[in-house]
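So this one's coords_17.csv, CSV, C-alpha atoms:
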```csv
chain,number,residue,atom,x,y,z
A,27,MET,CA,4.1,-9.3,0.7
A,28,LYS,CA,3.7,-7.0,-2.2
A,29,VAL,CA,3.2,-3.2,-2.3
A,30,ILE,CA,2.5,-0.9,-5.2
A,31,LEU,CA,3.5,2.5,-4.0
A,32,GLN,CA,2.5,5.7,-5.8
A,33,ARG,CA,3.6,9.2,-4.9
A,34,VAL,CA,0.5,11.3,-5.0
A,35,SER,CA,-0.5,14.9,-4.7
A,36,GLU,CA,-3.9,13.7,-3.5
A,37,ALA,CA,-5.8,10.4,-3.2
A,38,GLU,CA,-9.0,9.1,-1.8
A,39,VAL,CA,-11.0,5.9,-1.4
A,40,ARG,CA,-14.8,5.7,-1.5
A,41,VAL,CA,-17.2,3.0,-0.3
A,42,HIS,CA,-20.8,3.4,-1.4
A,43,SER,CA,-20.0,6.9,-2.7
A,44,GLN,CA,-18.7,8.0,0.7
A,45,VAL,CA,-15.1,9.0,1.3
A,46,VAL,CA,-13.6,6.7,3.9
A,47,GLY,CA,-10.0,7.7,3.6
A,48,ALA,CA,-8.2,10.6,1.9
A,49,ILE,CA,-4.8,12.3,1.9
A,50,ASN,CA,-3.2,15.2,0.2
A,51,SER,CA,0.5,14.9,-0.6
A,52,GLY,CA,2.0,11.5,0.2
A,53,LEU,CA,1.8,7.9,-0.8
A,54,LEU,CA,-1.1,5.7,-2.0
A,55,ILE,CA,0.0,2.1,-1.3
A,56,LEU,CA,-1.8,-1.0,-2.6
A,57,VAL,CA,-1.0,-3.8,-0.1
A,58,GLY,CA,-1.0,-7.5,-1.0
A,59,ILE,CA,-0.7,-9.9,1.9
A,60,HIS,CA,0.7,-13.4,1.0
A,61,GLN,CA,-0.5,-16.5,2.8
A,62,ASP,CA,3.0,-17.1,4.2
A,63,ASP,CA,3.6,-13.5,5.4
A,64,THR,CA,5.0,-13.1,8.9
A,65,PRO,CA,5.5,-10.1,11.3
A,66,ALA,CA,9.1,-10.0,9.9
A,67,GLU,CA,7.9,-9.3,6.4
A,68,LEU,CA,5.5,-6.6,7.7
A,69,SER,CA,8.2,-4.9,9.7
A,70,TRP,CA,10.6,-5.0,6.8
A,71,MET,CA,8.0,-3.5,4.4
A,72,ALA,CA,6.9,-0.8,6.9
A,73,ASP,CA,10.6,0.3,7.3
A,74,LYS,CA,11.1,0.3,3.5
A,75,VAL,CA,7.9,2.3,2.8
A,76,ALA,CA,8.6,4.8,5.6
A,77,GLY,CA,12.2,5.3,4.6
A,78,LEU,CA,12.0,5.3,0.8
A,79,ARG,CA,13.4,8.6,-0.5
A,80,ILE,CA,11.2,9.4,-3.4
A,81,PHE,CA,10.0,13.0,-2.5
A,82,ARG,CA,11.8,16.0,-3.9
A,83,ASP,CA,14.2,18.0,-1.8
A,84,ALA,CA,14.8,21.8,-2.2
A,85,ALA,CA,17.1,21.0,-5.2
A,86,GLY,CA,14.4,19.0,-6.9
A,87,LYS,CA,16.2,15.7,-6.3
A,88,MET,CA,14.3,12.6,-5.0
A,89,ASN,CA,15.9,12.6,-1.6
A,90,LEU,CA,13.2,12.8,1.1
A,91,SER,CA,11.0,10.1,2.7
A,92,VAL,CA,7.3,10.6,3.1
A,93,GLY,CA,7.8,11.7,6.7
A,94,ASP,CA,10.6,14.1,5.7
A,95,ALA,CA,8.2,15.6,3.1
A,96,GLN,CA,5.4,15.8,5.8
A,97,GLY,CA,3.2,13.5,3.7
A,98,ALA,CA,0.6,11.0,4.6
A,99,ILE,CA,-0.2,7.4,3.5
A,100,LEU,CA,-3.4,6.0,2.1
A,101,ALA,CA,-3.2,2.2,2.4
A,102,VAL,CA,-5.6,0.0,0.5
A,103,SER,CA,-5.7,-3.8,0.9
A,104,GLN,CA,-5.3,-5.4,-2.5
A,105,PHE,CA,-5.4,-9.2,-2.7
A,106,THR,CA,-5.4,-9.1,-6.5
A,107,LEU,CA,-1.6,-8.3,-6.4
A,108,PHE,CA,-1.2,-12.0,-6.0
A,109,ALA,CA,-3.1,-12.8,-9.2
A,110,ASP,CA,-1.6,-15.8,-11.0
A,111,THR,CA,-2.3,-15.5,-14.7
A,112,LYS,CA,-0.1,-18.3,-16.0
A,113,LYS,CA,-2.9,-20.6,-17.0
A,114,GLY,CA,-6.2,-19.8,-18.7
A,115,LYS,CA,-7.9,-16.5,-18.8
A,116,ARG,CA,-9.2,-16.3,-15.2
A,117,PRO,CA,-6.7,-15.3,-12.6
A,118,SER,CA,-6.2,-17.4,-9.6
A,119,PHE,CA,-5.6,-15.8,-6.2
A,120,GLY,CA,-4.5,-18.9,-4.2
A,121,ALA,CA,-1.3,-17.3,-2.9
A,122,ALA,CA,-3.1,-14.4,-1.2
A,123,ALA,CA,-3.8,-14.8,2.5
A,124,ARG,CA,-7.3,-15.8,3.6
A,125,PRO,CA,-9.4,-12.8,4.5
A,126,GLU,CA,-9.2,-13.2,8.3
A,127,GLN,CA,-5.4,-13.6,8.3
A,128,ALA,CA,-5.0,-10.8,5.7
A,129,LYS,CA,-7.1,-8.3,7.7
A,130,ALA,CA,-5.1,-8.9,10.9
A,131,LEU,CA,-1.8,-8.5,9.0
A,132,PHE,CA,-3.0,-5.5,7.1
A,133,ASP,CA,-4.0,-3.8,10.3
A,134,ASP,CA,-0.7,-4.7,11.9
A,135,PHE,CA,1.2,-3.3,8.9
A,136,CYS,CA,-0.7,0.0,9.1
A,137,ASN,CA,0.1,0.2,12.8
A,138,LEU,CA,3.8,-0.3,12.0
A,139,LEU,CA,3.6,2.6,9.6
A,140,ARG,CA,2.0,4.7,12.3
A,141,ALA,CA,4.8,3.8,14.6
A,142,HIS,CA,7.1,5.8,12.2
A,143,ASP,CA,5.0,8.9,13.1
A,144,LEU,CA,3.1,8.8,9.8
A,145,LYS,CA,-0.5,9.7,9.3
A,146,VAL,CA,-2.1,6.5,7.8
A,147,GLU,CA,-5.6,6.5,6.3
A,148,THR,CA,-7.2,3.3,4.9
A,149,GLY,CA,-10.1,2.0,2.9
A,150,ILE,CA,-12.5,-0.6,4.4
A,151,PHE,CA,-11.0,-4.1,4.3
A,152,GLY,CA,-13.0,-6.4,2.0
A,153,ALA,CA,-15.3,-3.7,0.7
A,154,ASP,CA,-15.8,-2.8,-2.9
A,155,MET,CA,-13.8,0.4,-3.1
A,156,GLN,CA,-13.2,3.1,-5.7
A,157,VAL,CA,-9.8,4.7,-5.5
A,158,LYS,CA,-9.0,8.0,-7.0
A,159,LEU,CA,-5.5,9.5,-7.2
A,160,VAL,CA,-3.4,12.1,-8.8
A,161,ASN,CA,0.0,10.4,-9.3
A,162,ASP,CA,2.8,12.9,-8.8
A,163,GLY,CA,5.6,12.5,-11.2
A,164,PRO,CA,4.4,10.0,-12.1
A,165,VAL,CA,6.2,7.8,-9.5
A,166,THR,CA,5.0,4.2,-9.1
A,167,ILE,CA,7.2,1.7,-7.5
A,168,PRO,CA,6.5,-2.0,-6.9
A,169,ILE,CA,8.1,-3.5,-3.7
A,170,GLU,CA,8.1,-7.2,-2.9
A,171,ARG,CA,9.3,-9.1,0.1
A,172,ASN,CA,9.6,-12.8,-0.1
A,173,ALA,CA,9.9,-14.9,3.0
```
As structure tokens:
Amino acid sequence: MKVILQRVSEAEVRVHSQVVGAINSGLLILVGIHQDDTPAELSWMADKVAGLRIFRDAAGKMNLSVGDAQGAILAVSQFTLFADTKKGKRPSFGAAARPEQAKALFDDFCNLLRAHDLKVETGIFGADMQVKLVNDGPVTIPIERNA
């Protein structure tokens, strides 16, 4: 499982020019599901994302989690995080989970985040989406969990 986490002051995802998910302050997370991911990886990642202290406290130090900062999460499924570009010029995505498996695991992951009392918005799985964000900081952190 791979996640690219971005601290944002606002973010939205559109499908066919319609906003399907939007947040103000919080995290935009691009979520890649690997073909070998299990519930243990999902749980570990949800705990990591929910607990990561990257929001400013009263002293301006990155010391608060998204929940502490009363932020929300916009989660977008992103199979291209598993692009293999070692050979040729066209990436291969063979390590990414198949769509049926990935959708179920992505939904489970979002529910695990909600279990941390976080507001979680999403795009539409498998749709052609346009993501707009204002990266706050900028803060962008890749997180990977290997089985």
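Distance-wise, CA of Thr166 (chain A) and CA of Leu54 (chain A) end up 9.5 Å apart.
With only C-alpha atoms as the basis for measurement, A:His60 is the residue among A:Lys28, A:His60, A:Arg40, A:Lys87 that approaches Ala121 (chain A) most closely.
Residues lying within 7 Å of region 135-151 of chain A, counting all atoms listed in the file and ignoring same-chain neighbours fewer than 3 positions away, are Val39, Val46, Gly47, Ala48, Leu68, Ser69, Ala72, Ala76, Gly93, Ala98, Ile99, Leu100, Ala101, Val102, Ser103, Lys129, Leu131 and Phe132 of chain A.
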Atoms kept (C-alpha atoms) for selection, written as a PDB file, in the frame of the given file:
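Once everything was written out, this is selection26.pdb:
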```
ATOM      1  CA  VAL A  39     -11.000   5.900  -1.400  1.00  0.00           C
ATOM      2  CA  VAL A  46     -13.600   6.700   3.900  1.00  0.00           C
ATOM      3  CA  GLY A  47     -10.000   7.700   3.600  1.00  0.00           C
ATOM      4  CA  ALA A  48      -8.200  10.600   1.900  1.00  0.00           C
ATOM      5  CA  LEU A  68       5.500  -6.600   7.700  1.00  0.00           C
ATOM      6  CA  SER A  69       8.200  -4.900   9.700  1.00  0.00           C
ATOM      7  CA  ALA A  72       6.900  -0.800   6.900  1.00  0.00           C
ATOM      8  CA  ALA A  76       8.600   4.800   5.600  1.00  0.00           C
ATOM      9  CA  GLY A  93       7.800  11.700   6.700  1.00  0.00           C
ATOM     10  CA  ALA A  98       0.600  11.000   4.600  1.00  0.00           C
ATOM     11  CA  ILE A  99      -0.200   7.400   3.500  1.00  0.00           C
ATOM     12  CA  LEU A 100      -3.400   6.000   2.100  1.00  0.00           C
ATOM     13  CA  ALA A 101      -3.200   2.200   2.400  1.00  0.00           C
ATOM     14  CA  VAL A 102      -5.600   0.000   0.500  1.00  0.00           C
ATOM     15  CA  SER A 103      -5.700  -3.800   0.900  1.00  0.00           C
ATOM     16  CA  LYS A 129      -7.100  -8.300   7.700  1.00  0.00           C
ATOM     17  CA  LEU A 131      -1.800  -8.500   9.000  1.00  0.00           C
ATOM     18  CA  PHE A 132      -3.000  -5.500   7.100  1.00  0.00           C
TER      19      PHE A 132
END
```
Check your understanding: Quick one: residues within 9 Å of Ile169 (chain A), all atoms listed in the file counted, chain neighbours fewer than 3 positions away excluded, as an MDAnalysis selection string?
Key -> chainID A and resid 27:31 71 74:75
Review point. Which one is closest to Leu159 (chain A): A:Gln44, A:Ser51, A:Ser91, A:Thr64? Count only C-alpha atoms.
Key: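 Ranking A:Gln44, A:Ser51, A:Ser91, A:Thr64 by distance to Leu159 (chain A), first place goes to A:Ser51.
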**Study point:** Nearest to Gly52 (chain A) by atom-to-atom distance, counting only C-alpha atoms, from A:Asn89, A:Pro125, A:Leu107, A:Val160
**Key:**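 Closest residue, counting only C-alpha atoms: A:Val160.
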Point to revise | Nearest residue to Ala66 (chain A) from the set A:Asp154, A:Asp162, A:Glu36, A:Asp134 (distances using all atoms listed in the file) | key: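 Using all atoms listed in the file, Ala66 (chain A) sits closest to A:Asp134.
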